$ cat upload_2.txt   # compact mmCIF, C-alpha atoms
# COMPACT_ATOMS: atom_id res chain seq x y z
CA MET U 1177 5.46 59.66 82.64
CA SER U 1178 5.96 63.00 80.94
CA GLU U 1179 3.51 65.92 81.15
CA ARG U 1180 1.31 66.66 78.16
CA SER U 1181 2.71 69.24 75.81
CA GLU U 1182 0.66 72.29 74.85
CA THR U 1183 0.57 71.00 71.26
CA PRO U 1184 -2.03 68.20 71.03
CA ASN U 1185 -0.85 64.75 69.97
CA ILE U 1186 -2.91 63.19 67.18
CA MET U 1187 -2.65 59.44 66.60
CA TYR U 1188 -3.69 58.36 63.11
CA MET U 1189 -4.54 54.68 62.64
CA GLY U 1190 -4.92 53.46 59.06
CA THR U 1191 -3.57 50.90 56.64
CA PRO U 1192 -4.79 50.81 52.98
CA GLU U 1193 -4.69 53.33 50.16
CA PHE U 1194 -8.16 54.50 51.20
CA ALA U 1195 -6.63 55.96 54.37
CA VAL U 1196 -3.86 57.99 52.70
CA PRO U 1197 -5.82 61.19 51.80
CA ALA U 1198 -6.98 61.64 55.40
CA LEU U 1199 -3.38 61.28 56.60
CA ASP U 1200 -2.40 64.11 54.26
CA VAL U 1201 -5.16 66.24 55.77
CA LEU U 1202 -3.93 65.65 59.32
CA HIS U 1203 -0.35 66.38 58.35
CA GLY U 1204 -1.36 69.67 56.77
CA SER U 1205 -3.80 70.75 59.47
CA ASN U 1206 -1.22 72.16 61.92
CA LEU U 1207 -3.64 71.26 64.71
CA GLY U 1208 -1.25 68.93 66.48
CA SER U 1209 1.72 66.61 66.32
CA VAL U 1210 0.80 63.62 64.14
CA PHE U 1211 2.11 60.10 64.50
CA VAL U 1212 0.93 57.01 62.67
CA VAL U 1213 -0.14 53.51 63.69
CA THR U 1214 -0.50 50.99 60.89
CA ARG U 1215 -0.50 47.23 60.35
CA PRO U 1216 2.91 45.53 60.16
CA ASP U 1217 4.48 44.76 56.78
CA ARG U 1218 2.77 41.83 55.08
CA PRO U 1219 3.66 39.55 52.14
CA ARG U 1220 2.23 41.01 48.94
CA GLY U 1221 2.29 40.33 45.22
CA ARG U 1222 3.33 37.23 43.32
CA GLY U 1223 6.65 37.00 45.11
CA HIS U 1224 5.01 37.30 48.54
CA ARG U 1225 7.69 39.71 49.64
CA LEU U 1226 7.18 41.80 52.74
CA ALA U 1227 5.85 45.22 51.80
CA PRO U 1228 4.73 48.22 53.84
CA SER U 1229 1.15 49.39 53.94
CA PRO U 1230 0.27 52.41 51.79
CA VAL U 1231 -0.19 54.46 54.96
CA LYS U 1232 3.28 53.52 56.22
CA THR U 1233 4.79 54.46 52.87
CA ARG U 1234 3.07 57.85 52.88
CA ALA U 1235 3.99 58.51 56.51
CA GLY U 1236 7.63 57.89 55.61
CA GLU U 1237 7.39 60.39 52.77
CA LEU U 1238 5.94 62.95 55.19
CA GLY U 1239 8.58 62.26 57.82
CA LEU U 1240 6.05 61.12 60.44
CA PRO U 1241 6.85 58.60 63.18
CA VAL U 1242 5.28 55.18 62.57
CA PHE U 1243 4.33 52.39 64.98
CA GLU U 1244 3.39 48.88 63.83
CA PRO U 1245 2.02 46.87 66.75
CA GLU U 1246 1.22 43.23 66.09
CA SER U 1247 -1.67 43.36 68.55
CA LEU U 1248 -3.71 45.93 70.44
CA ARG U 1249 -4.68 43.43 73.14
CA ILE U 1250 -1.84 40.99 73.83
CA GLY U 1251 1.39 41.89 75.63
CA GLU U 1252 2.87 45.24 76.57
CA GLU U 1253 3.70 46.63 73.12
CA TRP U 1254 0.49 48.61 72.64
CA LYS U 1255 0.46 49.87 76.23
CA THR U 1256 4.00 51.13 75.75
CA ILE U 1257 3.05 52.95 72.53
CA LEU U 1258 0.12 54.68 74.26
CA ALA U 1259 2.31 55.67 77.19
CA GLN U 1260 4.98 57.11 74.89
CA THR U 1261 2.66 59.02 72.58
CA ARG U 1262 -0.11 60.12 75.00
CA PRO U 1263 -2.65 60.82 72.23
CA ASP U 1264 -5.14 63.65 72.75
CA LEU U 1265 -7.13 62.48 69.72
CA ILE U 1266 -7.21 59.20 67.81
CA VAL U 1267 -8.37 59.26 64.20
CA VAL U 1268 -9.09 55.85 62.65
CA CYS U 1269 -9.55 55.11 58.96
CA ALA U 1270 -9.62 51.49 57.75
CA TYR U 1271 -7.02 50.39 60.28
CA GLY U 1272 -8.17 46.79 60.23
CA LYS U 1273 -8.49 46.00 63.94
CA ILE U 1274 -10.97 46.81 66.69
CA LEU U 1275 -9.79 49.23 69.37
CA PRO U 1276 -10.02 47.91 72.95
CA LYS U 1277 -12.20 49.74 75.46
CA GLY U 1278 -9.18 51.07 77.34
CA THR U 1279 -7.85 52.67 74.16
CA LEU U 1280 -11.20 54.30 73.38
CA GLU U 1281 -11.12 55.95 76.81
CA THR U 1282 -7.55 57.25 76.52
CA PRO U 1283 -7.61 60.46 74.41
CA ARG U 1284 -9.24 63.56 75.90
CA PHE U 1285 -10.81 64.53 72.54
CA GLY U 1286 -12.03 60.99 71.95
CA CYS U 1287 -11.61 58.54 69.08
CA ILE U 1288 -13.19 59.28 65.71
CA ASN U 1289 -13.55 57.06 62.69
CA ILE U 1290 -13.95 57.71 58.97
CA HIS U 1291 -16.39 55.06 57.74
CA ALA U 1292 -17.22 54.47 54.07
CA SER U 1293 -21.00 54.39 54.27
CA LEU U 1294 -23.97 56.50 55.25
CA LEU U 1295 -24.43 55.15 58.75
CA PRO U 1296 -26.29 53.30 60.13
CA LYS U 1297 -26.32 51.55 56.75
CA TYR U 1298 -23.48 49.09 56.09
CA ARG U 1299 -21.77 48.93 59.43
CA GLY U 1300 -18.81 46.58 59.29
CA ALA U 1301 -15.74 45.65 57.29
CA ALA U 1302 -16.82 45.93 53.64
CA PRO U 1303 -19.31 48.77 53.17
CA ILE U 1304 -18.12 49.72 49.68
CA HIS U 1305 -18.26 46.19 48.27
CA ARG U 1306 -21.72 45.58 49.72
CA ALA U 1307 -23.14 48.87 48.48
CA VAL U 1308 -21.91 48.22 44.93
CA GLU U 1309 -23.08 44.61 44.98
CA SER U 1310 -26.54 45.71 46.13
CA GLY U 1311 -26.79 48.15 43.26
CA ASP U 1312 -27.06 51.22 45.48
CA GLY U 1313 -27.07 54.39 43.42
CA ARG U 1314 -25.67 56.44 46.28
CA SER U 1315 -23.17 55.92 49.06
CA GLY U 1316 -21.03 58.21 51.12
CA VAL U 1317 -18.82 58.69 54.16
CA SER U 1318 -19.64 59.14 57.83
CA LEU U 1319 -17.37 60.70 60.44
CA MET U 1320 -18.28 59.27 63.83
CA TYR U 1321 -17.21 59.04 67.44
CA MET U 1322 -16.14 55.49 68.21
CA SER U 1323 -17.81 53.28 70.80
CA GLU U 1324 -17.40 49.66 71.84
CA GLY U 1325 -20.03 48.51 69.33
CA MET U 1326 -19.04 48.09 65.70
CA ASP U 1327 -19.63 51.42 63.92
CA GLU U 1328 -22.39 52.27 66.40
CA GLY U 1329 -21.07 55.61 67.69
CA ASP U 1330 -22.60 59.06 67.34
CA VAL U 1331 -22.26 60.58 63.88
CA ILE U 1332 -20.45 63.90 63.57
CA ALA U 1333 -21.15 64.42 59.87
CA SER U 1334 -21.94 62.48 56.70
CA ARG U 1335 -21.75 63.24 52.99
CA ALA U 1336 -23.36 61.41 50.10
CA VAL U 1337 -22.30 60.91 46.49
CA SER U 1338 -23.57 59.03 43.43
CA ILE U 1339 -21.85 55.69 42.77
CA GLU U 1340 -24.04 54.57 39.87
CA GLY U 1341 -22.16 52.17 37.55
CA MET U 1342 -18.90 52.41 39.50
CA SER U 1343 -16.64 49.55 40.58
CA SER U 1344 -15.54 49.12 44.18
CA GLY U 1345 -12.13 50.47 43.23
CA GLU U 1346 -13.62 53.59 41.69
CA VAL U 1347 -15.92 54.14 44.66
CA THR U 1348 -12.98 53.72 47.04
CA GLU U 1349 -11.09 56.55 45.34
CA VAL U 1350 -14.10 58.87 45.46
CA LEU U 1351 -14.94 58.15 49.09
CA ALA U 1352 -11.32 58.42 50.23
CA LYS U 1353 -11.21 62.01 49.01
CA LEU U 1354 -14.69 62.75 50.35
CA GLY U 1355 -13.72 61.44 53.78
CA ALA U 1356 -10.51 63.47 53.83
CA ASP U 1357 -12.38 66.65 52.89
CA MET U 1358 -14.93 66.04 55.63
CA LEU U 1359 -12.21 65.41 58.20
CA SER U 1360 -10.56 68.68 57.22
CA ASP U 1361 -13.83 70.55 57.75
CA GLU U 1362 -14.83 68.90 61.03
CA LEU U 1363 -11.48 68.46 62.79
CA PRO U 1364 -11.35 71.92 64.42
CA ALA U 1365 -14.78 71.39 66.00
CA VAL U 1366 -13.77 67.94 67.24
CA MET U 1367 -10.69 69.36 68.93
CA ASN U 1368 -12.52 72.20 70.63
CA GLY U 1369 -15.40 70.05 71.82
CA ALA U 1370 -18.01 71.65 69.56
CA ALA U 1371 -18.56 68.78 67.12
CA ARG U 1372 -22.12 67.58 66.46
CA ARG U 1373 -23.13 64.22 67.95
CA GLU U 1374 -26.12 62.52 66.32
CA PRO U 1375 -27.02 59.09 67.76
CA GLN U 1376 -27.63 56.39 65.17
CA ASP U 1377 -30.96 54.64 64.79
CA ASP U 1378 -30.06 51.01 65.44
CA ALA U 1379 -33.37 49.88 63.94
CA GLU U 1380 -32.17 51.15 60.56
CA ALA U 1381 -28.77 49.45 60.75
CA THR U 1382 -27.52 47.03 58.10
CA TYR U 1383 -24.21 45.17 58.08
CA ALA U 1384 -21.38 44.68 55.62
CA PRO U 1385 -19.46 41.48 56.43
CA PRO U 1386 -15.90 40.97 55.14
CA VAL U 1387 -15.57 39.85 51.52
CA ARG U 1388 -14.29 36.31 51.07
CA ARG U 1389 -12.09 35.60 48.04
CA GLU U 1390 -14.41 32.84 46.85
CA GLU U 1391 -17.27 35.34 46.58
CA GLY U 1392 -15.64 36.53 43.38
CA ARG U 1393 -16.68 33.39 41.49
CA ILE U 1394 -19.48 34.36 39.14
CA ASP U 1395 -22.70 32.34 39.16
CA PHE U 1396 -24.10 32.71 35.66
CA SER U 1397 -27.51 31.44 36.76
CA ARG U 1398 -28.04 34.87 38.34
CA THR U 1399 -29.73 37.60 36.35
CA PRO U 1400 -27.60 39.70 33.98
CA PHE U 1401 -27.85 42.77 36.21
CA GLU U 1402 -26.91 40.78 39.32
CA ILE U 1403 -23.83 39.48 37.50
CA GLU U 1404 -22.91 42.97 36.34
CA ARG U 1405 -23.14 44.28 39.91
CA LYS U 1406 -21.14 41.36 41.29
CA VAL U 1407 -18.26 42.00 38.89
CA LEU U 1408 -18.32 45.71 39.74
CA ALA U 1409 -18.29 44.87 43.45
CA MET U 1410 -15.35 42.46 43.20
CA THR U 1411 -13.20 44.76 41.02
CA PRO U 1412 -10.33 45.16 41.52
CA SER U 1413 -10.16 43.10 44.72
CA PRO U 1414 -10.65 40.28 45.46
CA GLY U 1415 -11.47 39.91 41.75
CA ALA U 1416 -14.36 38.38 39.82
CA TYR U 1417 -13.64 35.12 38.03
CA ALA U 1418 -14.98 32.00 36.35
CA PHE U 1419 -13.44 28.86 34.91
CA LEU U 1420 -13.24 28.29 31.17
CA GLY U 1421 -11.78 25.01 29.97
CA GLY U 1422 -10.28 24.44 33.40
CA GLU U 1423 -8.51 27.82 33.47
CA LYS U 1424 -9.35 30.50 35.99
CA ILE U 1425 -10.36 33.56 33.98
CA LYS U 1426 -10.62 36.95 35.66
CA LEU U 1427 -13.52 39.16 34.62
CA TRP U 1428 -12.78 42.86 34.94
CA GLU U 1429 -15.85 44.31 33.29
CA VAL U 1430 -19.16 42.91 32.06
CA ARG U 1431 -22.47 44.47 31.18
CA ALA U 1432 -25.97 43.13 30.97
CA SER U 1433 -26.69 42.39 27.32
CA GLU U 1434 -29.83 43.33 25.47
CA CYS U 1435 -29.74 40.09 23.49
CA ALA U 1436 -31.97 37.11 24.25
CA ALA U 1437 -29.52 34.30 24.96
CA HIS U 1438 -31.84 31.58 23.71
CA ALA U 1439 -31.90 33.17 20.26
CA LEU U 1440 -28.12 32.85 19.93
CA SER U 1441 -27.71 29.30 21.19
CA LYS U 1442 -27.05 26.38 18.85
CA ARG U 1443 -29.71 24.34 20.58
CA GLY U 1444 -32.27 27.09 20.93
CA VAL U 1445 -31.98 27.21 24.75
CA ALA U 1446 -28.68 28.26 26.33
CA ARG U 1447 -27.47 27.07 29.71
CA PRO U 1448 -26.23 29.73 32.13
CA GLY U 1449 -22.52 30.19 31.52
CA GLU U 1450 -22.69 29.05 27.88
CA VAL U 1451 -20.83 31.17 25.35
CA VAL U 1452 -23.48 32.21 22.83
CA ARG U 1453 -21.49 34.68 20.73
CA THR U 1454 -17.84 35.32 19.89
CA ASP U 1455 -18.07 37.07 16.51
CA GLY U 1456 -17.15 40.69 15.93
CA GLY U 1457 -14.84 40.78 18.93
CA VAL U 1458 -17.77 40.20 21.29
CA ILE U 1459 -17.97 37.58 24.03
CA GLU U 1460 -21.55 37.01 25.10
CA VAL U 1461 -22.45 34.52 27.81
CA ALA U 1462 -25.88 33.20 28.75
CA ALA U 1463 -27.21 34.16 32.17
CA GLY U 1464 -30.35 33.53 34.20
CA LEU U 1465 -33.87 34.39 33.01
CA SER U 1466 -32.77 33.68 29.41
CA GLY U 1467 -30.61 36.78 29.54
CA ALA U 1468 -26.95 37.30 28.79
CA VAL U 1469 -23.92 39.35 29.76
CA GLU U 1470 -21.24 40.73 27.46
CA ILE U 1471 -17.69 40.39 28.75
CA MET U 1472 -15.96 43.69 28.10
CA LYS U 1473 -12.60 43.20 29.81
CA ILE U 1474 -10.97 39.86 30.58
CA GLN U 1475 -7.70 38.38 31.85
CA SER U 1476 -6.13 34.94 31.42
CA PRO U 1477 -3.84 33.35 34.02
CA GLY U 1478 -0.44 35.04 33.83
CA GLY U 1479 -1.72 37.61 31.33
CA LYS U 1480 -2.82 41.21 31.49
CA PRO U 1481 -6.35 42.58 31.57
CA MET U 1482 -7.47 43.41 28.04
CA ALA U 1483 -10.53 44.26 26.00
CA ALA U 1484 -12.52 41.24 24.86
CA ALA U 1485 -11.77 41.92 21.18
CA ASP U 1486 -8.02 41.91 21.85
CA TRP U 1487 -8.27 38.81 24.02
CA LEU U 1488 -10.13 36.89 21.29
CA ARG U 1489 -7.25 37.44 18.86
CA GLY U 1490 -5.08 35.19 20.99
CA HIS U 1491 -7.67 32.76 22.33
CA SER U 1492 -9.99 30.40 20.51
CA VAL U 1493 -13.39 30.22 22.17
CA GLU U 1494 -16.26 28.54 20.38
CA ARG U 1495 -19.96 28.95 20.89
CA GLY U 1496 -21.16 26.34 23.32
CA ALA U 1497 -18.06 26.60 25.56
CA MET U 1498 -18.92 27.00 29.24
CA PHE U 1499 -17.90 29.57 31.83
CA GLU U 1500 -18.33 27.77 35.14
$ encode --input "upload_2.txt" --output "C-alpha cells"
Amino acid sequence: MSERSETPNIMYMGTPEFAVPALDVLHGSNLGSVFVVTRPDRPRGRGHRLAPSPVKTRAGELGLPVFEPESLRIGEEWKTILAQTRPDLIVVCAYGKILPKGTLETPRFGCINIHASLLPKYRGAAPIHRAVESGDGRSGVSLMYMSEGMDEGDVIASRAVSIEGMSSGEVTEVLAKLGADMLSDELPAVMNGAARREPQDDAEATYAPPVRREEGRIDFSRTPFEIERKVLAMTPSPGAYAFLGGEKIKLWEVRASECAAHALSKRGVARPGEVVRTDGGVIEVAAGLSGAVEIMKIQSPGGKPMAAADWLRGHSVERGAMFE
C-alpha cells in the first residue's frame, strides 16, 4: 500500500443535480486532489436508456476520476476503491446509500455530509419534499459530521432561507447553491481540525421518509391549501397527478381558489374533484371544506406542460366532470 501524499485526497460522493454545485466548489478549492464516487448509470427517460448521473457528467467535464461501485457492503470492489484512493476526507451530498461503519472511520479528517434541512428537523431521504408538503416557510442546509445514525452527527454549520410558495424543484436549486457556498466557507476549518461540532438534540428530531411515486396522486377531499402544498411538493418529481376520464393528467401548478365551490356546482353542492368551472380559460375543481383549487398548469399523457387556458383550447372538459 502506498504512502499518503502530502496533498490530501478528497473523496466526493454524490449523484443528482443537487450535488453538482458542491462538486464545483471542491474542484476549485485547491485544498486537495478530488475524485468522485457516484451511483452507476441507470435507465432514464422514456426510452429507458442507460444514462450517467449528473455528478458523473460534471466530473467528466472537470476531468476528475470517477468510481461507480454497485455496493458499499458486498464484495471487494469498495474495499479496493478505498485502498487505491486513501481518502483523507469524504464529502457526501445526496449520494443515495448509507456509508458502512468501516468507511466512516477511514479518513483522518472524517466524513461530512451536506443535508438539505435545518437539522435535527427532517432527517432522512426526502427533506425538501417533506418541508414543502408541510407548508414550512423556511428551510435550509446543514453541514454535519457523519455518524452511524441517519443524519444524527454533530452539526458544523447551518443556513436558513425562505421557501414560501416554492416547489420542490425550486427549493432544490436554492439549497444546492446554499450548501455549496457553506461548504466553501467551512472546508478549510474541517481540514485543519478547527470546525465547530454542535451535537443535535434528538428530542427535536423529525424524519423525512422517501417519497413514493403513488404519493403524487391528488386527493381532492383535502383542503385547498393542502392540495396546493402537495402539488408544490411533488413538482417536478415524482409528479402530482389525477385521473380525468380515465386518463392520467399531470398537475404542475394549482392554487387555492377564493371561490366557494358549492356556488359554482350545477347541483348546488360539489363533490371533491368535480370540475365546477371551465369558462374564461379557467379550470376550477372542488376540494374539501366546500373549497376549490384552480389548475394553473396541466399536462396530458404524451403532451407538454401548458397553461390551463392553452390546454382547454384542445380539450373539452365540461362542468361536472371528475378529477379522481
$ residues_around --input "upload_2.txt" --residues "Pro1414 of chain U" --least-positions-apart "4" --cutoff "10 Å" --atoms "only C-alpha atoms" --output "PyMOL selection string"
chain U and resi 1387-1393+1409-1410
$ atom_distance --input "upload_2.txt" --atom1 "atom CA of Pro1448 of chain U" --atom2 "atom CA of Pro1477 of chain U"
22.8 Å
$ closest_residue --input "upload_2.txt" --among "U:Glu1500, U:Asp1217, U:Asp1312, U:Glu1494" --to "Lys1426 of chain U" --atoms "only C-alpha atoms"
U:Glu1500
$ closest_residue --input "upload_2.txt" --among "U:Leu1238, U:Gly1272, U:Gly1208, U:Trp1254" --to "Glu1182 of chain U" --atoms "all atoms listed in the file"
U:Gly1208
$ residues_around --input "upload_2.txt" --residues "Pro1296 of chain U" --least-positions-apart "4" --cutoff "10 Å" --atoms "all atoms listed in the file" --output "number ranges by chain"
U: 1318, 1327-1331, 1375-1383
$ residues_around --input "upload_2.txt" --residues "Phe1499 of chain U" --least-positions-apart "5" --cutoff "7 Å" --atoms "all atoms listed in the file" --output "VMD selection string"
chain U and resid 1418 to 1420 1449 to 1450
$ closest_residue --input "upload_2.txt" --among "U:Met1482, U:Val1213, U:Val1445, U:Val1317" --to "Gly1467 of chain U" --atoms "all atoms listed in the file"
U:Val1445
$ residues_around --input "upload_2.txt" --residues "Ser1205 of chain U" --least-positions-apart "2" --cutoff "12 Å" --atoms "all atoms listed in the file" --output "ChimeraX atom specification"
/U:1184,1186,1198-1203,1207-1210,1356-1357,1359-1364,1367
$ residues_around --input "upload_2.txt" --residues "Leu1248 of chain U" --least-positions-apart "6" --cutoff "12 Å" --atoms "all atoms listed in the file" --output "ChimeraX atom specification"
/U:1189,1213-1215,1254-1258,1271-1280
$ residues_near_point --input "upload_2.txt" --point "(-14.3, 54.7, 46.2)" --cutoff "12 Å" --atoms "only C-alpha atoms" --output "MDAnalysis selection string"
chainID U and resid 1193:1195 1291:1293 1302:1305 1307:1308 1314:1317 1336:1355 1408:1409 1411:1412
$ closest_atom_pairs --input "upload_2.txt" --of "segment 1361-1454 of chain U" --to "segment 1490-1493 of chain U" --cutoff "10 Å" --atoms "all atoms listed in the file" --output "JSON lines"
{"residue": "U:Leu1420", "atom": "CA", "partner": "U:Val1493", "partner_atom": "CA", "distance": 9.2}
{"residue": "U:Gly1421", "atom": "CA", "partner": "U:Val1493", "partner_atom": "CA", "distance": 9.5}
{"residue": "U:Val1451", "atom": "CA", "partner": "U:Val1493", "partner_atom": "CA", "distance": 8.1}
{"residue": "U:Arg1453", "atom": "CA", "partner": "U:Val1493", "partner_atom": "CA", "distance": 9.4}
{"residue": "U:Thr1454", "atom": "CA", "partner": "U:Val1493", "partner_atom": "CA", "distance": 7.1}
$ closest_residue --input "upload_2.txt" --among "U:Ala1301, U:Ala1463, U:Met1322, U:Ile1394" --to "Ala1446 of chain U" --atoms "only C-alpha atoms"
U:Ala1463
$ atom_distance --input "upload_2.txt" --atom1 "atom CA of Phe1401 of chain U" --atom2 "atom CA of Ser1310 of chain U"
10.4 Å
$ axis_aligned_box --input "upload_2.txt" --around "segment 1360-1376 of chain U" --padding-each-side "5 Å" --output "AutoDock Vina command-line options"
--center_x -19.1 --center_y 64.3 --center_z 64.5 --size_x 27.1 --size_y 25.8 --size_z 24.6
$ closest_residue --input "upload_2.txt" --among "U:Met1358, U:Ile1250, U:Val1242, U:Leu1427" --to "Ile1290 of chain U" --atoms "all atoms listed in the file"
U:Met1358
$ closest_residue --input "upload_2.txt" --among "U:Asn1289, U:Ser1476, U:Asn1185, U:Ser1247" --to "Ser1323 of chain U" --atoms "only C-alpha atoms"
U:Asn1289
$ atom_distance --input "upload_2.txt" --atom1 "atom CA of Pro1228 of chain U" --atom2 "atom CA of Val1267 of chain U"
20.0 Å
$ decode --input "upload_2.txt" --residues "segment 1205-1223 of chain U" --atoms "N, CA and C atoms" --output "mmCIF file, in the first residue's frame"
data_model
loop_
_atom_site.group_PDB
_atom_site.id
_atom_site.type_symbol
_atom_site.label_atom_id
_atom_site.label_comp_id
_atom_site.auth_asym_id
_atom_site.auth_seq_id
_atom_site.Cartn_x
_atom_site.Cartn_y
_atom_site.Cartn_z
ATOM 1 N N SER U 1205 -11.359 24.410 -4.989
ATOM 2 C CA SER U 1205 -10.829 24.785 -3.682
ATOM 3 C C SER U 1205 -9.314 24.708 -3.586
ATOM 4 N N ASN U 1206 -8.697 23.852 -4.404
ATOM 5 C CA ASN U 1206 -7.244 23.636 -4.353
ATOM 6 C C ASN U 1206 -6.774 23.163 -2.980
ATOM 7 N N LEU U 1207 -7.670 22.521 -2.237
ATOM 8 C CA LEU U 1207 -7.317 22.006 -0.924
ATOM 9 C C LEU U 1207 -6.895 20.546 -0.955
ATOM 10 N N GLY U 1208 -7.044 19.909 -2.093
ATOM 11 C CA GLY U 1208 -6.662 18.512 -2.199
ATOM 12 C C GLY U 1208 -6.993 17.952 -3.559
ATOM 13 N N SER U 1209 -6.578 16.714 -3.770
ATOM 14 C CA SER U 1209 -6.887 16.000 -5.009
ATOM 15 C C SER U 1209 -8.286 15.401 -4.890
ATOM 16 N N VAL U 1210 -9.162 15.737 -5.814
ATOM 17 C CA VAL U 1210 -10.564 15.331 -5.736
ATOM 18 C C VAL U 1210 -10.829 14.153 -6.673
ATOM 19 N N PHE U 1211 -11.512 13.163 -6.161
ATOM 20 C CA PHE U 1211 -12.036 12.099 -7.015
ATOM 21 C C PHE U 1211 -13.473 11.822 -6.590
ATOM 22 N N VAL U 1212 -14.243 11.259 -7.483
ATOM 23 C CA VAL U 1212 -15.696 11.213 -7.343
ATOM 24 C C VAL U 1212 -16.199 9.779 -7.264
ATOM 25 N N VAL U 1213 -17.149 9.562 -6.365
ATOM 26 C CA VAL U 1213 -17.880 8.298 -6.276
ATOM 27 C C VAL U 1213 -19.351 8.618 -6.501
ATOM 28 N N THR U 1214 -19.963 7.930 -7.448
ATOM 29 C CA THR U 1214 -21.368 8.181 -7.760
ATOM 30 C C THR U 1214 -22.067 6.867 -8.050
ATOM 31 N N ARG U 1215 -23.382 6.901 -8.159
ATOM 32 C CA ARG U 1215 -24.143 5.683 -8.457
ATOM 33 C C ARG U 1215 -23.931 5.290 -9.909
ATOM 34 N N PRO U 1216 -23.941 3.983 -10.202
ATOM 35 C CA PRO U 1216 -23.761 3.527 -11.583
ATOM 36 C C PRO U 1216 -24.853 4.053 -12.509
ATOM 37 N N ASP U 1217 -24.559 4.077 -13.800
ATOM 38 C CA ASP U 1217 -25.538 4.504 -14.803
ATOM 39 C C ASP U 1217 -26.838 3.727 -14.628
ATOM 40 N N ARG U 1218 -27.952 4.439 -14.789
ATOM 41 C CA ARG U 1218 -29.265 3.821 -14.615
ATOM 42 C C ARG U 1218 -30.149 4.150 -15.814
ATOM 43 N N PRO U 1219 -31.141 3.284 -16.117
ATOM 44 C CA PRO U 1219 -32.077 3.599 -17.198
ATOM 45 C C PRO U 1219 -32.874 4.855 -16.861
ATOM 46 N N ARG U 1220 -32.969 5.768 -17.817
ATOM 47 C CA ARG U 1220 -33.687 7.019 -17.587
ATOM 48 C C ARG U 1220 -34.496 7.377 -18.834
ATOM 49 N N GLY U 1221 -35.527 8.201 -18.621
ATOM 50 C CA GLY U 1221 -36.317 8.709 -19.726
ATOM 51 C C GLY U 1221 -37.261 7.680 -20.305
ATOM 52 N N ARG U 1222 -37.977 8.089 -21.341
ATOM 53 C CA ARG U 1222 -38.982 7.209 -21.953
ATOM 54 C C ARG U 1222 -38.368 5.982 -22.590
ATOM 55 N N GLY U 1223 -37.155 6.137 -23.131
ATOM 56 C CA GLY U 1223 -36.511 5.002 -23.775
ATOM 57 C C GLY U 1223 -35.785 4.083 -22.827
#
